[in-house]
>>> print(open('work-v8.pdb').read())   # PDB, C-alpha atoms, pLDDT in the B column
ATOM      1  CA  ASN A 182      92.666  95.395 117.538  1.00 86.00           C
ATOM      2  CA  ALA A 183      94.785  98.477 116.930  1.00 90.00           C
ATOM      3  CA  THR A 184      95.330 100.559 113.782  1.00 94.00           C
ATOM      4  CA  PHE A 185      98.005 102.987 112.632  1.00 96.00           C
ATOM      5  CA  THR A 186      98.508 105.690 110.007  1.00 97.00           C
ATOM      6  CA  LEU A 187     101.802 107.027 108.639  1.00 96.00           C
ATOM      7  CA  ASN A 188     101.897 109.698 105.908  1.00 96.00           C
ATOM      8  CA  PRO A 189     105.250 111.442 105.354  1.00 96.00           C
ATOM      9  CA  SER A 190     105.827 113.903 102.504  1.00 96.00           C
ATOM     10  CA  TYR A 191     108.704 116.024 101.187  1.00 96.00           C
ATOM     11  CA  ILE A 192     108.519 119.194  99.075  1.00 94.00           C
ATOM     12  CA  LEU A 193     111.458 120.067  96.825  1.00 93.00           C
ATOM     13  CA  ARG A 194     111.907 123.616  95.468  1.00 89.00           C
ATOM     14  CA  GLU A 195     108.203 124.328  95.981  1.00 87.00           C
ATOM     15  CA  GLN A 196     107.464 122.383  92.780  1.00 93.00           C
ATOM     16  CA  TRP A 197     107.930 118.690  93.529  1.00 95.00           C
ATOM     17  CA  LYS A 198     106.089 116.841  96.263  1.00 96.00           C
ATOM     18  CA  PHE A 199     106.970 113.266  97.163  1.00 96.00           C
ATOM     19  CA  PHE A 200     104.486 111.560  99.454  1.00 96.00           C
ATOM     20  CA  ALA A 201     103.577 108.178 100.895  1.00 97.00           C
ATOM     21  CA  ASN A 202     100.787 106.779 103.054  1.00 96.00           C
ATOM     22  CA  LEU A 203     100.725 103.577 105.047  1.00 97.00           C
ATOM     23  CA  SER A 204      97.740 102.594 107.183  1.00 97.00           C
ATOM     24  CA  SER A 205      95.976  99.619 108.697  1.00 97.00           C
ATOM     25  CA  ALA A 206      92.303  98.892 109.373  1.00 96.00           C
ATOM     26  CA  PHE A 207      90.011  96.190 110.670  1.00 94.00           C
ATOM     27  CA  LYS A 208      86.307  95.339 110.480  1.00 94.00           C
ATOM     28  CA  ALA A 209      84.723  93.181 113.154  1.00 95.00           C
ATOM     29  CA  PRO A 210      82.047  90.648 112.123  1.00 95.00           C
ATOM     30  CA  SER A 211      78.483  91.631 112.995  1.00 95.00           C
ATOM     31  CA  LEU A 212      76.427  89.837 115.638  1.00 96.00           C
ATOM     32  CA  TYR A 213      74.276  88.419 112.818  1.00 96.00           C
ATOM     33  CA  GLN A 214      77.321  87.007 111.017  1.00 95.00           C
ATOM     34  CA  LEU A 215      78.531  85.438 114.263  1.00 95.00           C
ATOM     35  CA  TYR A 216      75.404  84.125 115.970  1.00 95.00           C
ATOM     36  CA  ASP A 217      72.600  83.668 113.436  1.00 94.00           C
ATOM     37  CA  ALA A 218      71.279  80.105 113.864  1.00 92.00           C
ATOM     38  CA  SER A 219      71.400  79.234 110.153  1.00 91.00           C
ATOM     39  CA  VAL A 220      74.155  81.316 108.505  1.00 92.00           C
ATOM     40  CA  GLY A 221      76.269  82.503 111.436  1.00 93.00           C
ATOM     41  CA  GLU A 222      79.817  81.331 112.136  1.00 93.00           C
ATOM     42  CA  ILE A 223      80.977  81.904 115.712  1.00 94.00           C
ATOM     43  CA  ASN A 224      84.654  81.458 114.795  1.00 93.00           C
ATOM     44  CA  LEU A 225      84.730  84.336 112.261  1.00 94.00           C
ATOM     45  CA  MET A 226      87.865  86.477 112.460  1.00 94.00           C
ATOM     46  CA  PRO A 227      87.793  90.243 111.907  1.00 95.00           C
ATOM     47  CA  GLU A 228      88.970  91.546 108.540  1.00 94.00           C
ATOM     48  CA  LYS A 229      92.410  93.143 108.727  1.00 95.00           C
ATOM     49  CA  SER A 230      94.002  95.251 106.003  1.00 95.00           C
ATOM     50  CA  ILE A 231      97.193  97.120 105.163  1.00 96.00           C
ATOM     51  CA  THR A 232      97.009  99.917 102.570  1.00 96.00           C
ATOM     52  CA  GLY A 233      99.947 101.741 101.025  1.00 97.00           C
ATOM     53  CA  GLU A 234     100.263 104.659  98.613  1.00 96.00           C
ATOM     54  CA  MET A 235     103.254 106.278  96.962  1.00 97.00           C
ATOM     55  CA  GLY A 236     103.133 109.259  94.667  1.00 97.00           C
ATOM     56  CA  LEU A 237     104.690 112.301  93.075  1.00 97.00           C
ATOM     57  CA  GLN A 238     103.070 115.686  92.443  1.00 96.00           C
ATOM     58  CA  TYR A 239     104.419 118.551  90.329  1.00 96.00           C
ATOM     59  CA  PHE A 240     103.459 122.246  90.366  1.00 93.00           C
ATOM     60  CA  SER A 241     104.575 124.542  87.536  1.00 92.00           C
ATOM     61  CA  LYS A 242     106.397 127.775  88.381  1.00 89.00           C
ATOM     62  CA  SER A 243     103.601 129.763  86.752  1.00 88.00           C
ATOM     63  CA  LYS A 244     101.042 127.944  88.957  1.00 85.00           C
ATOM     64  CA  LYS A 245      98.984 127.353  85.822  1.00 91.00           C
ATOM     65  CA  TRP A 246      99.198 123.589  85.837  1.00 93.00           C
ATOM     66  CA  ASP A 247      99.924 120.672  88.118  1.00 95.00           C
ATOM     67  CA  SER A 248      99.994 116.901  87.737  1.00 96.00           C
ATOM     68  CA  ARG A 249     100.066 113.890  90.038  1.00 96.00           C
ATOM     69  CA  VAL A 250     100.759 110.172  89.782  1.00 97.00           C
ATOM     70  CA  VAL A 251      99.876 107.728  92.574  1.00 97.00           C
ATOM     71  CA  PHE A 252     100.389 103.999  92.951  1.00 97.00           C
ATOM     72  CA  PHE A 253      98.362 102.199  95.617  1.00 96.00           C
ATOM     73  CA  ALA A 254      98.085  98.665  96.954  1.00 96.00           C
ATOM     74  CA  ARG A 255      95.989  96.960  99.627  1.00 94.00           C
ATOM     75  CA  GLU A 256      96.040  93.534 101.216  1.00 93.00           C
ATOM     76  CA  VAL A 257      93.094  92.206 103.227  1.00 92.00           C
ATOM     77  CA  ARG A 258      93.434  89.160 105.466  1.00 92.00           C
ATOM     78  CA  ASP A 259      90.482  87.071 106.642  1.00 91.00           C
ATOM     79  CA  GLY A 260      87.954  88.949 104.512  1.00 89.00           C
ATOM     80  CA  ILE A 261      84.376  88.160 105.555  1.00 91.00           C
ATOM     81  CA  ASN A 262      82.301  86.588 102.789  1.00 86.00           C
ATOM     82  CA  TYR A 263      79.212  84.405 102.313  1.00 86.00           C
ATOM     83  CA  SER A 264      79.446  80.857 100.962  1.00 82.00           C
ATOM     84  CA  PHE A 265      76.795  79.612  98.536  1.00 75.00           C
ATOM     85  CA  VAL A 266      78.105  76.071  99.092  1.00 76.00           C
ATOM     86  CA  ASP A 267      77.372  75.594 102.791  1.00 78.00           C
ATOM     87  CA  TYR A 268      75.295  78.807 103.177  1.00 84.00           C
ATOM     88  CA  LYS A 269      77.364  80.290 105.986  1.00 88.00           C
ATOM     89  CA  TYR A 270      79.668  83.240 106.479  1.00 92.00           C
ATOM     90  CA  PHE A 271      83.378  82.459 106.323  1.00 89.00           C
ATOM     91  CA  ASN A 272      86.801  84.125 106.091  1.00 90.00           C
ATOM     92  CA  ASN A 273      88.694  84.357 102.798  1.00 85.00           C
ATOM     93  CA  ASN A 274      92.410  83.663 102.927  1.00 84.00           C
ATOM     94  CA  SER A 275      93.448  87.038 101.473  1.00 87.00           C
ATOM     95  CA  GLN A 276      92.577  89.711  98.944  1.00 89.00           C
ATOM     96  CA  LYS A 277      95.116  91.856  97.093  1.00 91.00           C
ATOM     97  CA  ASP A 278      94.153  95.030  95.210  1.00 92.00           C
ATOM     98  CA  LYS A 279      96.373  97.509  93.404  1.00 94.00           C
ATOM     99  CA  GLY A 280      96.088 100.388  90.990  1.00 95.00           C
ATOM    100  CA  LEU A 281      97.404 103.578  89.472  1.00 96.00           C
ATOM    101  CA  GLU A 282      95.940 107.068  89.271  1.00 97.00           C
ATOM    102  CA  LEU A 283      96.999 109.954  87.003  1.00 97.00           C
ATOM    103  CA  GLU A 284      95.772 113.544  87.350  1.00 97.00           C
ATOM    104  CA  PHE A 285      96.378 116.714  85.357  1.00 96.00           C
ATOM    105  CA  ASN A 286      94.988 120.229  85.852  1.00 96.00           C
ATOM    106  CA  TYR A 287      95.541 123.412  83.834  1.00 96.00           C
ATOM    107  CA  ARG A 288      94.037 126.847  84.404  1.00 94.00           C
ATOM    108  CA  THR A 289      94.325 130.371  83.068  1.00 93.00           C
ATOM    109  CA  LYS A 290      92.113 133.412  83.540  1.00 90.00           C
ATOM    110  CA  LYS A 291      89.669 132.066  80.961  1.00 93.00           C
ATOM    111  CA  TRP A 292      90.311 128.310  80.668  1.00 95.00           C
ATOM    112  CA  ARG A 293      90.265 125.337  83.031  1.00 95.00           C
ATOM    113  CA  PHE A 294      91.165 121.780  82.048  1.00 96.00           C
ATOM    114  CA  GLY A 295      91.113 118.693  84.236  1.00 96.00           C
ATOM    115  CA  GLN A 296      91.827 114.996  83.643  1.00 96.00           C
ATOM    116  CA  ASN A 297      91.723 111.974  85.900  1.00 97.00           C
ATOM    117  CA  TYR A 298      92.545 108.383  84.917  1.00 97.00           C
ATOM    118  CA  SER A 299      92.379 105.317  87.187  1.00 96.00           C
ATOM    119  CA  TYR A 300      93.457 101.708  86.745  1.00 96.00           C
ATOM    120  CA  VAL A 301      92.287  99.260  89.433  1.00 94.00           C
ATOM    121  CA  THR A 302      92.571  95.490  89.693  1.00 91.00           C
ATOM    122  CA  GLY A 303      92.339  92.947  92.472  1.00 88.00           C
ATOM    123  CA  GLU A 304      91.948  89.285  93.276  1.00 86.00           C
ATOM    124  CA  VAL A 305      90.881  87.137  96.193  1.00 84.00           C
ATOM    125  CA  ASN A 306      92.356  83.844  97.345  1.00 79.00           C
ATOM    126  CA  THR A 307      89.808  81.554  98.973  1.00 76.00           C
ATOM    127  CA  THR A 308      88.720  77.949  99.406  1.00 71.00           C
ATOM    128  CA  LYS A 309      87.931  75.982  96.222  1.00 72.00           C
ATOM    129  CA  TYR A 310      84.953  73.604  96.290  1.00 66.00           C
ATOM    130  CA  VAL A 311      84.289  70.650  93.989  1.00 70.00           C
ATOM    131  CA  TYR A 312      81.250  68.403  93.748  1.00 66.00           C
ATOM    132  CA  ASP A 313      81.614  64.951  95.378  1.00 67.00           C
ATOM    133  CA  PRO A 314      79.155  62.434  93.821  1.00 75.00           C
ATOM    134  CA  GLY A 315      79.682  60.014  96.708  1.00 72.00           C
ATOM    135  CA  SER A 316      78.340  62.408  99.322  1.00 64.00           C
ATOM    136  CA  PHE A 317      76.080  64.415  96.960  1.00 60.00           C
ATOM    137  CA  SER A 318      77.692  67.614  98.235  1.00 60.00           C
ATOM    138  CA  TYR A 319      80.549  70.043  97.634  1.00 63.00           C
ATOM    139  CA  VAL A 320      83.838  69.488  99.458  1.00 64.00           C
ATOM    140  CA  ALA A 321      86.928  71.673  99.891  1.00 67.00           C
ATOM    141  CA  ASP A 322      89.664  70.999  97.341  1.00 70.00           C
ATOM    142  CA  GLY A 323      92.519  73.422  97.956  1.00 72.00           C
ATOM    143  CA  ASP A 324      92.424  77.121  97.119  1.00 72.00           C
ATOM    144  CA  THR A 325      91.397  79.243  94.133  1.00 75.00           C
ATOM    145  CA  THR A 326      92.149  82.826  93.043  1.00 75.00           C
ATOM    146  CA  TYR A 327      89.922  85.120  90.964  1.00 72.00           C
ATOM    147  CA  ASN A 328      89.152  88.795  90.336  1.00 74.00           C
ATOM    148  CA  ASN A 329      86.329  89.929  92.604  1.00 74.00           C
ATOM    149  CA  LEU A 330      86.195  93.724  92.262  1.00 81.00           C
ATOM    150  CA  PHE A 331      82.608  93.629  91.058  1.00 81.00           C
ATOM    151  CA  ARG A 332      81.083  96.811  89.549  1.00 84.00           C
ATOM    152  CA  ARG A 333      84.514  98.451  89.507  1.00 88.00           C
ATOM    153  CA  PRO A 334      86.023  98.943  86.034  1.00 92.00           C
ATOM    154  CA  LYS A 335      89.721  98.396  85.500  1.00 92.00           C
ATOM    155  CA  HIS A 336      89.866 101.603  83.453  1.00 95.00           C
ATOM    156  CA  SER A 337      88.032 104.878  84.077  1.00 96.00           C
ATOM    157  CA  LEU A 338      88.655 108.360  82.692  1.00 97.00           C
ATOM    158  CA  ASN A 339      87.145 111.763  83.517  1.00 97.00           C
ATOM    159  CA  LEU A 340      87.719 114.891  81.424  1.00 97.00           C
ATOM    160  CA  ASN A 341      86.559 118.453  82.097  1.00 97.00           C
ATOM    161  CA  ALA A 342      86.971 121.739  80.224  1.00 97.00           C
ATOM    162  CA  GLY A 343      85.715 125.087  81.502  1.00 96.00           C
ATOM    163  CA  PHE A 344      85.645 128.481  79.782  1.00 97.00           C
ATOM    164  CA  GLN A 345      85.050 131.871  81.397  1.00 95.00           C
ATOM    165  CA  ALA A 346      83.430 133.493  78.372  1.00 94.00           C
ATOM    166  CA  THR A 347      82.796 136.829  80.107  1.00 92.00           C
ATOM    167  CA  GLU A 348      83.010 138.165  83.638  1.00 90.00           C
ATOM    168  CA  ARG A 349      79.476 136.869  84.179  1.00 92.00           C
ATOM    169  CA  LEU A 350      79.194 133.796  81.910  1.00 95.00           C
ATOM    170  CA  PHE A 351      80.930 130.462  82.597  1.00 96.00           C
ATOM    171  CA  LEU A 352      80.642 127.278  80.466  1.00 97.00           C
ATOM    172  CA  SER A 353      81.818 123.749  81.243  1.00 97.00           C
ATOM    173  CA  LEU A 354      81.878 120.452  79.326  1.00 97.00           C
ATOM    174  CA  SER A 355      82.548 117.124  81.092  1.00 97.00           C
ATOM    175  CA  ALA A 356      83.037 113.589  79.760  1.00 97.00           C
ATOM    176  CA  ARG A 357      83.174 110.263  81.591  1.00 96.00           C
ATOM    177  CA  PHE A 358      84.485 106.968  80.198  1.00 96.00           C
ATOM    178  CA  LEU A 359      84.072 103.677  82.091  1.00 94.00           C
ATOM    179  CA  GLY A 360      85.391 100.302  81.013  1.00 94.00           C
ATOM    180  CA  LYS A 361      83.627  96.960  81.306  1.00 91.00           C
ATOM    181  CA  ARG A 362      82.678  95.710  84.781  1.00 90.00           C
ATOM    182  CA  PHE A 363      81.449  92.436  86.215  1.00 86.00           C
ATOM    183  CA  GLU A 364      78.129  92.170  88.056  1.00 85.00           C
ATOM    184  CA  PRO A 365      77.700  89.420  90.694  1.00 79.00           C
ATOM    185  CA  ARG A 366      74.565  87.237  90.551  1.00 75.00           C
ATOM    186  CA  PHE A 367      72.981  84.989  93.153  1.00 69.00           C
ATOM    187  CA  MET A 368      73.913  81.329  92.558  1.00 64.00           C
ATOM    188  CA  GLU A 369      75.096  82.131  89.000  1.00 71.00           C
ATOM    189  CA  SER A 370      78.250  83.236  87.216  1.00 73.00           C
ATOM    190  CA  PRO A 371      78.893  87.008  87.070  1.00 80.00           C
ATOM    191  CA  ILE A 372      77.834  88.855  83.922  1.00 86.00           C
ATOM    192  CA  GLU A 373      79.831  91.476  82.059  1.00 87.00           C
ATOM    193  CA  LEU A 374      78.483  95.030  81.815  1.00 89.00           C
ATOM    194  CA  ASP A 375      79.388  96.970  78.670  1.00 91.00           C
ATOM    195  CA  PRO A 376      81.680 100.013  78.822  1.00 94.00           C
ATOM    196  CA  TYR A 377      79.999 103.387  78.356  1.00 94.00           C
ATOM    197  CA  GLN A 378      80.632 107.098  77.863  1.00 95.00           C
ATOM    198  CA  THR A 379      78.562 110.088  78.966  1.00 95.00           C
ATOM    199  CA  MET A 380      78.896 113.823  78.407  1.00 96.00           C
ATOM    200  CA  ASP A 381      77.492 116.745  80.430  1.00 97.00           C
ATOM    201  CA  LEU A 382      77.186 120.465  79.749  1.00 97.00           C
ATOM    202  CA  TYR A 383      76.952 123.196  82.383  1.00 97.00           C
ATOM    203  CA  ALA A 384      76.449 126.954  82.086  1.00 96.00           C
ATOM    204  CA  GLU A 385      76.026 129.677  84.675  1.00 95.00           C
ATOM    205  CA  TYR A 386      75.392 133.406  84.480  1.00 95.00           C
ATOM    206  CA  ARG A 387      76.128 135.717  87.418  1.00 92.00           C
ATOM    207  CA  PHE A 388      73.484 138.409  87.168  1.00 88.00           C
ATOM    208  CA  TYR A 389      74.175 140.144  90.496  1.00 83.00           C
ATOM    209  CA  LYS A 390      77.164 139.616  92.834  1.00 80.00           C
ATOM    210  CA  LYS A 391      76.447 136.239  94.515  1.00 84.00           C
ATOM    211  CA  ASN A 392      73.292 135.457  92.542  1.00 91.00           C
ATOM    212  CA  ILE A 393      73.690 132.913  89.740  1.00 93.00           C
ATOM    213  CA  PHE A 394      71.356 131.466  87.136  1.00 95.00           C
ATOM    214  CA  PHE A 395      72.491 128.025  85.936  1.00 96.00           C
ATOM    215  CA  VAL A 396      71.594 125.267  83.475  1.00 96.00           C
ATOM    216  CA  ASP A 397      72.941 121.743  84.012  1.00 96.00           C
ATOM    217  CA  LEU A 398      72.476 119.228  81.146  1.00 96.00           C
ATOM    218  CA  LYS A 399      73.313 115.585  81.944  1.00 95.00           C
ATOM    219  CA  ASN A 400      73.979 112.783  79.441  1.00 95.00           C
ATOM    220  CA  ILE A 401      73.420 115.118  76.529  1.00 95.00           C
ATOM    221  CA  PHE A 402      73.819 112.350  73.905  1.00 94.00           C
ATOM    222  CA  ASN A 403      71.299 110.136  75.716  1.00 93.00           C
ATOM    223  CA  ALA A 404      73.656 107.180  76.192  1.00 92.00           C
ATOM    224  CA  GLU A 405      72.037 103.983  77.492  1.00 90.00           C
ATOM    225  CA  TYR A 406      74.089 102.294  80.201  1.00 89.00           C
ATOM    226  CA  PHE A 407      73.876 100.380  83.476  1.00 87.00           C
ATOM    227  CA  ASP A 408      75.902 100.864  86.659  1.00 87.00           C
ATOM    228  CA  VAL A 409      74.028  97.990  88.318  1.00 86.00           C
ATOM    229  CA  ALA A 410      72.466  95.219  86.233  1.00 84.00           C
ATOM    230  CA  GLY A 411      68.671  95.413  86.230  1.00 82.00           C
ATOM    231  CA  PHE A 412      68.472  99.006  87.450  1.00 85.00           C
ATOM    232  CA  ASN A 413      67.944 101.731  84.864  1.00 82.00           C
ATOM    233  CA  THR A 414      70.014 104.897  84.864  1.00 87.00           C
ATOM    234  CA  ARG A 415      68.801 108.343  83.902  1.00 87.00           C
ATOM    235  CA  SER A 416      68.645 109.170  80.225  1.00 91.00           C
ATOM    236  CA  ARG A 417      69.121 112.730  78.970  1.00 93.00           C
ATOM    237  CA  ASN A 418      67.996 115.144  81.700  1.00 95.00           C
ATOM    238  CA  PHE A 419      68.503 118.727  82.815  1.00 95.00           C
ATOM    239  CA  MET A 420      68.205 121.033  85.799  1.00 95.00           C
ATOM    240  CA  VAL A 421      67.646 124.781  85.756  1.00 96.00           C
ATOM    241  CA  GLY A 422      67.871 126.959  88.829  1.00 95.00           C
ATOM    242  CA  ILE A 423      68.995 130.052  90.664  1.00 94.00           C
ATOM    243  CA  ARG A 424      71.650 130.022  93.370  1.00 92.00           C
ATOM    244  CA  MET A 425      71.593 132.984  95.726  1.00 90.00           C
ATOM    245  CA  GLY A 426      74.076 134.113  98.348  1.00 84.00           C
ATOM    246  CA  PHE A 427      73.584 136.642 101.139  1.00 83.00           C
TER     247      PHE A 427
END
>>> encode(input="work-v8.pdb", output="structure tokens")
Amino acid sequence: NATFTLNPSYILREQWKFFANLSSAFKAPSLYQLYDASVGEINLMPEKSITGEMGLQYFSKSKKWDSRVVFFAREVRDGINYSFVDYKYFNNNSQKDKGLELEFNYRTKKWRFGQNYSYVTGEVNTTKYVYDPGSFSYVADGDTTYNNLFRRPKHSLNLNAGFQATERLFLSLSARFLGKRFEPRFMESPIELDPYQTMDLYAEYRFYKKNIFFVDLKNIFNAEYFDVAGFNTRSRNFMVGIRMGF
């Protein structure tokens, strides 16, 4: 297998940047996936993918703010997956993912603002199985397509605001918003995880050149959420420390 990468860009008037990326990749099946006596499949093909990006970035003349928009798409052929029908590894037909990302940053001597929004979706095309009463087993019946980007929300948003209150004191407030996600389950239908929002607060005080005292408060409103079903996440928590440079 061979891979390639191509990433041209063009800058216009030192303010506009047009860019694109095109690359390929592959992932070979493991020895376990190939040769295990019970679940291995010796005829597995390596996964092969093509990924493309296209975007536009703008820089203001004052250098105070910049923004960026990027569209991306990926196609995977022969994706390696595990079948709960015949309990063996197999190759999907194809998987197609795409999305959009928007960024904005603004900064002055005292203020800093940042925003990042992402939209991601994808689907896989694979073999469809139906139950055959005559043989008491599942048999292939064409193809099926479904969304399989588990644990990845379609919509996510990050916001950040920083304020240089004095030459020594800096404050920052961050917020994170995640949409609903789907969690895979063994031998059962996926479940839907609720969307959630968290907010963090950070402060630092430079008391001598490179020496900084900081306080980092996470999830200040004590939101209850799950990134992975069944595994708790941290409630309200904080960290206090000193960072020293020599």
>>> residues_near_point(input="work-v8.pdb", point="(95.6, 96.9, 100.0)", cutoff="10 Å", atoms="all atoms listed in the file", output="JSON, numbers by chain")
{"A": [203, 204, 205, 230, 231, 232, 233, 234, 253, 254, 255, 256, 257, 258, 276, 277, 278, 279, 280, 303]}
>>> resolve_selection(input="work-v8.pdb", expression="the PyMOL selection byres ((chain A and resi 404-411) around 8)", output="PyMOL selection string")
chain A and resi 332+364+374-375+377-379+400-403+412-414+416-417
>>> resolve_selection(input="work-v8.pdb", expression="the PyMOL selection byres ((chain A and resi 182) around 12)", output="PDB file with C-alpha atoms, in the coordinates of the input")
ATOM      1  CA  ALA A 183      94.785  98.477 116.930  1.00 90.00           C
ATOM      2  CA  THR A 184      95.330 100.559 113.782  1.00 94.00           C
ATOM      3  CA  PHE A 185      98.005 102.987 112.632  1.00 96.00           C
ATOM      4  CA  SER A 205      95.976  99.619 108.697  1.00 97.00           C
ATOM      5  CA  ALA A 206      92.303  98.892 109.373  1.00 96.00           C
ATOM      6  CA  PHE A 207      90.011  96.190 110.670  1.00 94.00           C
ATOM      7  CA  LYS A 208      86.307  95.339 110.480  1.00 94.00           C
ATOM      8  CA  ALA A 209      84.723  93.181 113.154  1.00 95.00           C
ATOM      9  CA  MET A 226      87.865  86.477 112.460  1.00 94.00           C
ATOM     10  CA  PRO A 227      87.793  90.243 111.907  1.00 95.00           C
ATOM     11  CA  GLU A 228      88.970  91.546 108.540  1.00 94.00           C
ATOM     12  CA  LYS A 229      92.410  93.143 108.727  1.00 95.00           C
ATOM     13  CA  SER A 230      94.002  95.251 106.003  1.00 95.00           C
TER      14      SER A 230
END
>>> residues_near_point(input="work-v8.pdb", point="(78.2, 133.6, 93.9)", cutoff="8 Å", atoms="all atoms listed in the file", output="list in words")
Arg387, Lys390, Lys391, Asn392, Ile393, Arg424, Met425 and Gly426 of chain A
>>> closest_residue(input="work-v8.pdb", among="A:Ser190, A:Thr347, A:Asn272, A:Asn262", to="Gln238 of chain A", atoms="only C-alpha atoms")
A:Ser190
>>> axis_aligned_box(input="work-v8.pdb", around="segment 366-378 of chain A", padding_each_side="5 Å", output="lines of an AutoDock Vina configuration file")
center_x = 77.3
center_y = 94.2
center_z = 85.5
size_x = 18.7
size_y = 35.8
size_z = 25.3
>>> closest_residue(input="work-v8.pdb", among="A:Met235, A:Asn341, A:Val220, A:Lys245", to="Leu187 of chain A", atoms="all atoms listed in the file")
A:Met235
>>> closest_residue(input="work-v8.pdb", among="A:Tyr191, A:Tyr263, A:Tyr386, A:Phe331", to="Pro365 of chain A", atoms="all atoms listed in the file")
A:Phe331
>>> resolve_selection(input="work-v8.pdb", expression="the PyMOL selection byres ((chain A and resi 221) around 12)", output="list in words")
Pro210, Ser211, Leu212, Tyr213, Gln214, Leu215, Tyr216, Asp217, Ala218, Ser219, Val220, Glu222, Ile223, Asn224, Leu225, Ile261, Asn262, Tyr263, Ser264, Asp267, Tyr268, Lys269, Tyr270, Phe271 and Asn272 of chain A
>>> closest_residue(input="work-v8.pdb", among="A:Glu369, A:Lys242, A:Val305, A:Phe419", to="Gly260 of chain A", atoms="all atoms listed in the file")
A:Val305
>>> atom_distance(input="work-v8.pdb", atom1="atom CA of Thr289 of chain A", atom2="atom CA of Glu195 of chain A")
19.9 Å
>>> atom_distance(input="work-v8.pdb", atom1="atom CA of Asn418 of chain A", atom2="atom CA of Asp397 of chain A")
8.6 Å
>>> closest_residue(input="work-v8.pdb", among="A:Phe395, A:Trp246, A:Phe285, A:Phe252", to="Asn202 of chain A", atoms="all atoms listed in the file")
A:Phe252
>>> closest_residue(input="work-v8.pdb", among="A:Lys361, A:Arg288, A:Lys309, A:His336", to="Gly323 of chain A", atoms="all atoms listed in the file")
A:Lys309
